[in-house]
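Next comes entry_32.cif, with mmCIF, C-alpha atoms.
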data_model
loop_
_atom_site.label_atom_id
_atom_site.label_comp_id
_atom_site.auth_asym_id
_atom_site.auth_seq_id
_atom_site.Cartn_x
_atom_site.Cartn_y
_atom_site.Cartn_z
CA MET A 1 -0.19 -11.86 7.03
CA ASN A 2 -0.40 -14.46 4.26
CA GLU A 3 -4.12 -14.92 4.86
CA LEU A 4 -4.67 -11.16 4.59
CA ILE A 5 -2.68 -11.03 1.36
CA GLU A 6 -4.84 -13.84 -0.04
CA LEU A 7 -8.02 -11.95 0.95
CA VAL A 8 -6.81 -8.80 -0.82
CA GLU A 9 -5.85 -10.83 -3.89
CA LYS A 10 -9.30 -12.46 -3.97
CA TRP A 11 -10.94 -9.03 -3.60
CA SER A 12 -8.79 -7.76 -6.46
CA ILE A 13 -9.72 -10.66 -8.73
CA GLU A 14 -13.44 -10.15 -8.04
CA ARG A 15 -13.08 -6.55 -9.26
CA LYS A 16 -10.71 -7.42 -12.12
CA LEU A 17 -7.98 -5.22 -10.63
CA ASN A 18 -5.51 -8.08 -10.97
CA VAL A 19 -5.51 -7.60 -14.75
CA ALA A 20 -5.54 -3.80 -14.77
CA ASP A 21 -2.63 -1.63 -15.92
CA PRO A 22 0.23 -1.76 -13.38
CA ASN A 23 1.29 1.75 -14.41
CA MET A 24 -2.03 3.07 -13.14
CA GLN A 25 -1.61 1.03 -9.95
CA GLN A 26 1.79 2.61 -9.40
CA LEU A 27 0.19 6.06 -9.71
CA ILE A 28 -2.35 5.05 -7.08
CA LEU A 29 0.52 3.99 -4.85
CA TRP A 30 2.00 7.47 -5.28
CA GLU A 31 -1.33 8.98 -4.27
CA GLU A 32 -1.38 6.86 -1.12
CA PHE A 33 2.25 7.78 -0.42
CA GLY A 34 1.22 11.45 -0.52
CA GLU A 35 -1.52 10.71 2.01
CA LEU A 36 1.03 9.00 4.25
CA ASN A 37 3.32 12.02 4.09
CA ALA A 38 0.41 14.34 4.96
CA ALA A 39 -0.57 12.12 7.89
CA ILE A 40 3.00 12.07 9.21
CA ALA A 41 3.31 15.86 8.80
CA ARG A 42 0.14 16.28 10.88
CA ASP A 43 1.17 13.52 13.31
CA ASN A 44 -2.26 11.95 12.76
CA ARG A 45 -2.02 8.31 13.84
CA ASP A 46 -5.40 7.24 12.39
CA ASP A 47 -4.49 8.65 8.98
CA VAL A 48 -1.03 7.04 9.15
CA VAL A 49 -2.64 3.64 9.82
CA ASP A 50 -5.09 4.22 6.95
CA ALA A 51 -2.38 5.28 4.49
CA ILE A 52 -0.05 2.41 5.37
CA GLY A 53 -2.89 -0.09 5.04
CA ASP A 54 -3.92 1.39 1.70
CA MET A 55 -0.34 1.29 0.43
CA CYS A 56 -0.13 -2.39 1.38
CA VAL A 57 -3.34 -3.14 -0.52
CA VAL A 58 -2.07 -1.27 -3.57
CA MET A 59 1.30 -3.06 -3.48
CA ILE A 60 -0.35 -6.48 -3.16
CA ILE A 61 -2.47 -5.75 -6.23
CA LEU A 62 0.53 -4.37 -8.10
CA CYS A 63 2.43 -7.58 -7.39
CA GLN A 64 -0.55 -9.53 -8.70
CA GLN A 65 -0.62 -7.47 -11.89
CA LEU A 66 3.07 -8.14 -12.46
CA ASN A 67 2.85 -11.85 -11.55
CA HIS A 68 4.99 -11.41 -8.45
CA ASN A 69 4.35 -13.14 -5.16
CA ALA A 70 3.39 -10.40 -2.71
CA ALA A 71 3.81 -12.72 0.27
CA GLU A 72 7.51 -13.11 -0.56
CA TYR A 73 7.98 -9.34 -0.30
CA PHE A 74 5.92 -8.96 2.87
CA ASN A 75 7.60 -11.91 4.59
CA SER A 76 11.20 -11.01 3.76
CA THR A 77 11.57 -7.62 5.39
CA ASN A 78 14.81 -6.66 7.11
CA VAL A 79 14.11 -3.67 9.29
CA LYS A 80 16.75 -4.07 11.99
CA TYR A 81 19.20 -1.57 10.53
CA LEU A 82 16.51 1.05 9.79
CA LYS A 83 15.11 1.52 13.29
CA HIS A 84 17.47 4.36 14.18
CA LEU A 85 16.59 6.51 11.17
CA ASP A 86 14.22 9.46 11.36
CA ILE A 87 11.00 9.33 9.35
CA ILE A 88 12.19 11.74 6.65
CA THR A 89 15.24 9.56 6.01
CA LEU A 90 13.02 6.47 6.04
CA LEU A 91 10.75 8.00 3.41
CA HIS A 92 13.75 8.87 1.27
CA TYR A 93 15.03 5.29 1.69
CA THR A 94 11.96 3.98 -0.13
CA GLY A 95 13.33 5.60 -3.28
CA TYR A 96 10.55 8.17 -3.47
CA GLY A 97 12.69 11.15 -2.60
CA ILE A 98 14.34 13.61 -4.90
CA VAL A 99 15.84 10.84 -7.01
CA GLY A 100 12.56 10.39 -8.90
CA MET A 101 10.06 7.64 -9.46
CA PRO A 102 11.69 4.21 -9.25
CA SER A 103 10.25 0.90 -10.32
CA ILE A 104 8.13 -0.03 -7.33
CA ILE A 105 8.93 -3.71 -7.65
CA THR A 106 12.66 -3.09 -7.30
CA ASN A 107 11.96 -1.11 -4.18
CA THR A 108 9.04 -3.08 -2.76
CA ALA A 109 11.15 -4.57 0.02
CA ASN A 110 12.45 -1.08 0.90
CA VAL A 111 8.91 0.31 0.99
CA ILE A 112 7.66 -2.53 3.18
CA ASP A 113 10.63 -2.12 5.53
CA THR A 114 9.93 1.60 5.78
CA LEU A 115 6.21 1.14 6.36
CA THR A 116 6.96 -1.45 9.05
CA ILE A 117 9.13 1.03 10.97
CA ILE A 118 6.66 3.90 10.56
CA ALA A 119 3.84 1.64 11.77
CA GLU A 120 5.89 0.69 14.85
CA ARG A 121 6.56 4.34 15.59
CA TYR A 122 2.81 4.93 15.57
CA ASP A 123 2.28 1.99 17.94
CA THR A 124 0.82 -0.40 15.39
CA THR A 125 2.01 -3.06 12.94
CA LEU A 126 1.96 -3.49 9.20
CA GLU A 127 -0.49 -6.34 9.68
CA GLY A 128 -2.72 -4.15 11.86
CA CYS A 129 -2.75 -1.48 9.16
CA LEU A 130 -3.60 -4.05 6.47
CA ILE A 131 -6.41 -5.48 8.63
CA ALA A 132 -7.87 -1.98 9.01
CA ALA A 133 -7.63 -1.32 5.26
CA TYR A 134 -9.21 -4.65 4.36
CA LYS A 135 -12.14 -4.02 6.70
CA VAL A 136 -12.80 -0.79 4.79
CA ILE A 137 -12.51 -2.25 1.27
CA LYS A 138 -13.89 -5.78 1.66
CA ASP A 139 -17.45 -4.84 0.72
CA ARG A 140 -16.55 -1.90 -1.51
CA LYS A 141 -18.24 -1.74 -4.87
CA GLY A 142 -17.29 0.34 -7.87
CA LYS A 143 -16.22 0.04 -11.47
CA MET A 144 -13.15 0.24 -13.63
CA ILE A 145 -12.74 3.53 -15.47
CA ASN A 146 -9.70 4.02 -17.71
CA GLY A 147 -7.91 1.18 -15.92
CA VAL A 148 -8.58 2.52 -12.42
CA PHE A 149 -11.06 1.10 -9.92
CA VAL A 150 -13.35 3.95 -8.85
CA LYS A 151 -15.29 3.26 -5.69
CA GLU A 152 -19.05 3.63 -5.90
CA SER A 153 -19.13 6.66 -3.60
CA ASP A 154 -16.80 8.52 -6.01
CA LEU A 155 -18.83 7.77 -9.14
CA ASN A 156 -20.87 10.63 -10.56
CA ILE A 157 -24.32 9.07 -10.48
CA GLU A 158 -27.00 11.20 -12.07
#

Can the structure in the file be given as C-alpha cells, please?
Amino acid sequence: MNELIELVEKWSIERKLNVADPNMQQLILWEEFGELNAAIARDNRDDVVDAIGDMCVVMIILCQQLNHNAAEYFNSTNVKYLKHLDIITLLHYTGYGIVGMPSIITNTANVIDTLTIIAERYDTTLEGCLIAAYKVIKDRKGKMINGVFVKESDLNIE
C-alpha cells in the first residue's frame, strides 16, 4: 500500500495537485462519495471499486496538500468493530450523514475504515481498488482550472 501511495503522490506532484486548494480537493472527495453511494444503491461492483479507488486517490492528495502523511492514515485502520454494521450505517459513520460536512482529516481514519469494509463486502480490498484507480489515472493528462485538475477528455477543446 505504501508504494501505491507514493505513486499517487508522485503523480500529484507532476500535475501540481499537491499544492492546490485543499477545499477544492474536499469537494472532489464529496463528488466521489456521491458516486460511491450511487454504485452501492445499484449494487454495481465495478462502480464501487472505481469509486473507492478514486476516493483513496483524492484522500492521498488531500493529505499531501495539508502536509499529512497519508500512509499513517491508510496503515492505521481499525475495522474489527465495524464489520457487523450495514452499509448505510457505515456511510453515516464516516461523518458524511445528516450531521453535515466534517473536516475530512479528522475523519480520514473513519472513512478509510468504512471503505475497507465496503470493499470487503464487494469481494475486493482497499489496495485492489487503489491499484485499479492508479491504472486509470497514471497516464492521465489535463490542466488545472480554478484550482481543480480537469482531465484532458473533459476539457472543451475547440

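Against the coordinates shown, the PyMOL selection byres ((chain A and resi 65) around 9) returns A:Leu17, A:Asn18, A:Val19, A:Ala20, A:Asp21, A:Pro22, A:Gln25, A:Ile60, A:Ile61, A:Leu62, A:Cys63, A:Gln64, A:Leu66, A:Asn67, A:His68.
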
Could you turn the residues from that selection into a file that holds C-alpha atoms, as a CSV table (one decimal), in the coordinates of the input?
chain,number,residue,atom,x,y,z
A,17,LEU,CA,-8.0,-5.2,-10.6
A,18,ASN,CA,-5.5,-8.1,-11.0
A,19,VAL,CA,-5.5,-7.6,-14.8
A,20,ALA,CA,-5.5,-3.8,-14.8
A,21,ASP,CA,-2.6,-1.6,-15.9
A,22,PRO,CA,0.2,-1.8,-13.4
A,25,GLN,CA,-1.6,1.0,-10.0
A,60,ILE,CA,-0.4,-6.5,-3.2
A,61,ILE,CA,-2.5,-5.8,-6.2
A,62,LEU,CA,0.5,-4.4,-8.1
A,63,CYS,CA,2.4,-7.6,-7.4
A,64,GLN,CA,-0.6,-9.5,-8.7
A,66,LEU,CA,3.1,-8.1,-12.5
A,67,ASN,CA,2.8,-11.8,-11.6
A,68,HIS,CA,5.0,-11.4,-8.4

Residues selected by the PyMOL selection byres ((chain A and resi 3) around 12), written as a list in words: Met1, Asn2, Leu4, Ile5, Glu6, Leu7, Val8, Glu9, Lys10, Ala70, Ala71, Phe74, Glu127, Leu130, Ile131 and Tyr134 of chain A

Print the selection's residues with C-alpha atoms to a file, as a compact mmCIF listing (two decimals), in the coordinates of the input.
# COMPACT_ATOMS: atom_id res chain seq x y z
CA MET A 1 -0.19 -11.86 7.03
CA ASN A 2 -0.40 -14.46 4.26
CA LEU A 4 -4.67 -11.16 4.59
CA ILE A 5 -2.68 -11.03 1.36
CA GLU A 6 -4.84 -13.84 -0.04
CA LEU A 7 -8.02 -11.95 0.95
CA VAL A 8 -6.81 -8.80 -0.82
CA GLU A 9 -5.85 -10.83 -3.89
CA LYS A 10 -9.30 -12.46 -3.97
CA ALA A 70 3.39 -10.40 -2.71
CA ALA A 71 3.81 -12.72 0.27
CA PHE A 74 5.92 -8.96 2.87
CA GLU A 127 -0.49 -6.34 9.68
CA LEU A 130 -3.60 -4.05 6.47
CA ILE A 131 -6.41 -5.48 8.63
CA TYR A 134 -9.21 -4.65 4.36

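Here atom CA of A:Val148 is placed at a distance of 26.3 Å from atom CA of A:Ile40.
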
Between atom CA of A:Gly128 and atom CA of A:Ile28, distance in Å (one decimal):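 So the two atoms, atom CA of A:Gly128 and atom CA of A:Ile28, lie 21.1 Å apart.
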
Residue among A:Tyr73, A:Thr116, A:Arg15, A:Asn23 lying closest to A:Val48, counting all atoms listed in the file: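 Closest to A:Val48, using all atoms listed in the file: A:Thr116.
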
Who sits within 6 Å of A:Lys151, all atoms listed in the file, same chain under 3 positions skipped, as number ranges by chain: A: 141-142, 154

Which of A:Ile112, A:Gln26, A:Trp11, A:Ile52 sits closest to A:Ser76 [using only C-alpha atoms]: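 Closest to A:Ser76, using only C-alpha atoms: A:Ile112.
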
Long-range neighbours of A:Val49 as JSON, numbers by chain, 12 Å cut-off, all atoms listed in the file, 2 positions minimum in chain: {"A": [32, 35, 36, 37, 39, 40, 43, 44, 45, 46, 47, 51, 52, 53, 54, 55, 56, 115, 116, 118, 119, 120, 121, 122, 123, 124, 125, 126, 127, 128, 129, 130, 131, 132, 133, 134]}

Requested write-out: C-alpha atoms of the selected residues, as a CSV table (one decimal), keeping the file's coordinate frame:
chain,number,residue,atom,x,y,z
A,32,GLU,CA,-1.4,6.9,-1.1
A,35,GLU,CA,-1.5,10.7,2.0
A,36,LEU,CA,1.0,9.0,4.2
A,37,ASN,CA,3.3,12.0,4.1
A,39,ALA,CA,-0.6,12.1,7.9
A,40,ILE,CA,3.0,12.1,9.2
A,43,ASP,CA,1.2,13.5,13.3
A,44,ASN,CA,-2.3,12.0,12.8
A,45,ARG,CA,-2.0,8.3,13.8
A,46,ASP,CA,-5.4,7.2,12.4
A,47,ASP,CA,-4.5,8.6,9.0
A,51,ALA,CA,-2.4,5.3,4.5
A,52,ILE,CA,0.0,2.4,5.4
A,53,GLY,CA,-2.9,-0.1,5.0
A,54,ASP,CA,-3.9,1.4,1.7
A,55,MET,CA,-0.3,1.3,0.4
A,56,CYS,CA,-0.1,-2.4,1.4
A,115,LEU,CA,6.2,1.1,6.4
A,116,THR,CA,7.0,-1.4,9.0
A,118,ILE,CA,6.7,3.9,10.6
A,119,ALA,CA,3.8,1.6,11.8
A,120,GLU,CA,5.9,0.7,14.8
A,121,ARG,CA,6.6,4.3,15.6
A,122,TYR,CA,2.8,4.9,15.6
A,123,ASP,CA,2.3,2.0,17.9
A,124,THR,CA,0.8,-0.4,15.4
A,125,THR,CA,2.0,-3.1,12.9
A,126,LEU,CA,2.0,-3.5,9.2
A,127,GLU,CA,-0.5,-6.3,9.7
A,128,GLY,CA,-2.7,-4.2,11.9
A,129,CYS,CA,-2.8,-1.5,9.2
A,130,LEU,CA,-3.6,-4.0,6.5
A,131,ILE,CA,-6.4,-5.5,8.6
A,132,ALA,CA,-7.9,-2.0,9.0
A,133,ALA,CA,-7.6,-1.3,5.3
A,134,TYR,CA,-9.2,-4.6,4.4

Å distance separating atom CA of A:Met144 from atom CA of A:Lys16, one decimal place: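 We find that atom CA of A:Met144 and atom CA of A:Lys16 lie 8.2 Å from each other.
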
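Minimum atom-to-atom distances from A:Asn146, A:Ser12, A:Thr108, A:Ser153 to A:Val57 were compared using all atoms listed in the file, and the lowest value belongs to A:Ser12.
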
Complete the atom set of stretch 128-139 of chain A to all heavy atoms and return it as a CSV table (one decimal), in the frame of the given file.
chain,number,residue,atom,x,y,z
A,128,GLY,N,-1.6,-4.9,11.3
A,128,GLY,CA,-2.7,-4.2,11.9
A,128,GLY,C,-3.3,-3.1,10.9
A,128,GLY,O,-4.5,-2.9,10.7
A,129,CYS,N,-2.3,-2.5,10.2
A,129,CYS,CA,-2.8,-1.5,9.2
A,129,CYS,C,-3.5,-2.2,8.0
A,129,CYS,O,-4.5,-1.6,7.5
A,129,CYS,CB,-1.5,-0.7,8.6
A,129,CYS,SG,-0.7,0.3,9.9
A,130,LEU,N,-3.0,-3.3,7.6
A,130,LEU,CA,-3.6,-4.0,6.5
A,130,LEU,C,-5.0,-4.6,6.9
A,130,LEU,O,-5.9,-4.5,6.1
A,130,LEU,CB,-2.7,-5.2,6.0
A,130,LEU,CG,-3.2,-6.0,4.8
A,130,LEU,CD1,-3.5,-5.0,3.6
A,130,LEU,CD2,-2.1,-7.0,4.3
A,131,ILE,N,-5.1,-5.0,8.1
A,131,ILE,CA,-6.4,-5.5,8.6
A,131,ILE,C,-7.4,-4.3,8.6
A,131,ILE,O,-8.5,-4.5,8.1
A,131,ILE,CB,-6.3,-6.0,10.1
A,131,ILE,CG1,-5.6,-7.4,10.1
A,131,ILE,CG2,-7.7,-6.1,10.7
A,131,ILE,CD1,-5.2,-7.9,11.5
A,132,ALA,N,-7.0,-3.2,9.0
A,132,ALA,CA,-7.9,-2.0,9.0
A,132,ALA,C,-8.3,-1.6,7.6
A,132,ALA,O,-9.5,-1.3,7.3
A,132,ALA,CB,-7.2,-0.8,9.7
A,133,ALA,N,-7.3,-1.7,6.7
A,133,ALA,CA,-7.6,-1.3,5.3
A,133,ALA,C,-8.6,-2.3,4.7
A,133,ALA,O,-9.5,-2.0,4.0
A,133,ALA,CB,-6.3,-1.3,4.4
A,134,TYR,N,-8.4,-3.6,4.9
A,134,TYR,CA,-9.2,-4.6,4.4
A,134,TYR,C,-10.6,-4.5,4.9
A,134,TYR,O,-11.6,-4.7,4.1
A,134,TYR,CB,-8.6,-6.1,4.6
A,134,TYR,CG,-9.5,-7.1,4.0
A,134,TYR,CD1,-9.5,-7.3,2.6
A,134,TYR,CD2,-10.4,-7.9,4.7
A,134,TYR,CE1,-10.3,-8.2,2.0
A,134,TYR,CE2,-11.2,-8.8,4.1
A,134,TYR,CZ,-11.2,-9.0,2.7
A,134,TYR,OH,-12.0,-9.9,2.1
A,135,LYS,N,-10.8,-4.2,6.2
A,135,LYS,CA,-12.1,-4.0,6.7
A,135,LYS,C,-12.9,-2.9,6.0
A,135,LYS,O,-14.1,-3.0,5.8
A,135,LYS,CB,-12.1,-3.7,8.2
A,135,LYS,CG,-11.8,-4.9,9.1
A,135,LYS,CD,-11.7,-4.5,10.5
A,135,LYS,CE,-11.3,-5.7,11.4
A,135,LYS,NZ,-11.2,-5.3,12.8
A,136,VAL,N,-12.2,-1.9,5.5
A,136,VAL,CA,-12.8,-0.8,4.8
A,136,VAL,C,-13.2,-1.2,3.4
A,136,VAL,O,-14.2,-0.9,2.9
A,136,VAL,CB,-11.9,0.4,4.8
A,136,VAL,CG1,-12.4,1.5,3.8
A,136,VAL,CG2,-11.7,1.0,6.2
A,137,ILE,N,-12.3,-2.0,2.7
A,137,ILE,CA,-12.5,-2.2,1.3
A,137,ILE,C,-13.3,-3.5,1.0
A,137,ILE,O,-13.8,-3.7,-0.1
A,137,ILE,CB,-11.2,-2.3,0.5
A,137,ILE,CG1,-10.4,-3.5,0.9
A,137,ILE,CG2,-10.4,-1.0,0.6
A,137,ILE,CD1,-9.2,-3.9,0.0
A,138,LYS,N,-13.4,-4.4,2.0
A,138,LYS,CA,-13.9,-5.8,1.7
A,138,LYS,C,-15.3,-5.8,1.0
A,138,LYS,O,-15.5,-6.7,0.2
A,138,LYS,CB,-13.9,-6.7,2.9
A,138,LYS,CG,-14.8,-6.3,4.0
A,138,LYS,CD,-14.6,-7.2,5.2
A,138,LYS,CE,-15.5,-6.8,6.4
A,138,LYS,NZ,-16.9,-7.2,6.2
A,139,ASP,N,-16.1,-4.9,1.3
A,139,ASP,CA,-17.4,-4.8,0.7
A,139,ASP,C,-17.6,-3.7,-0.3
A,139,ASP,O,-18.7,-3.4,-0.7
A,139,ASP,CB,-18.5,-4.7,1.8
A,139,ASP,CG,-18.5,-5.9,2.7
A,139,ASP,OD1,-18.4,-7.1,2.2
A,139,ASP,OD2,-18.6,-5.7,4.0
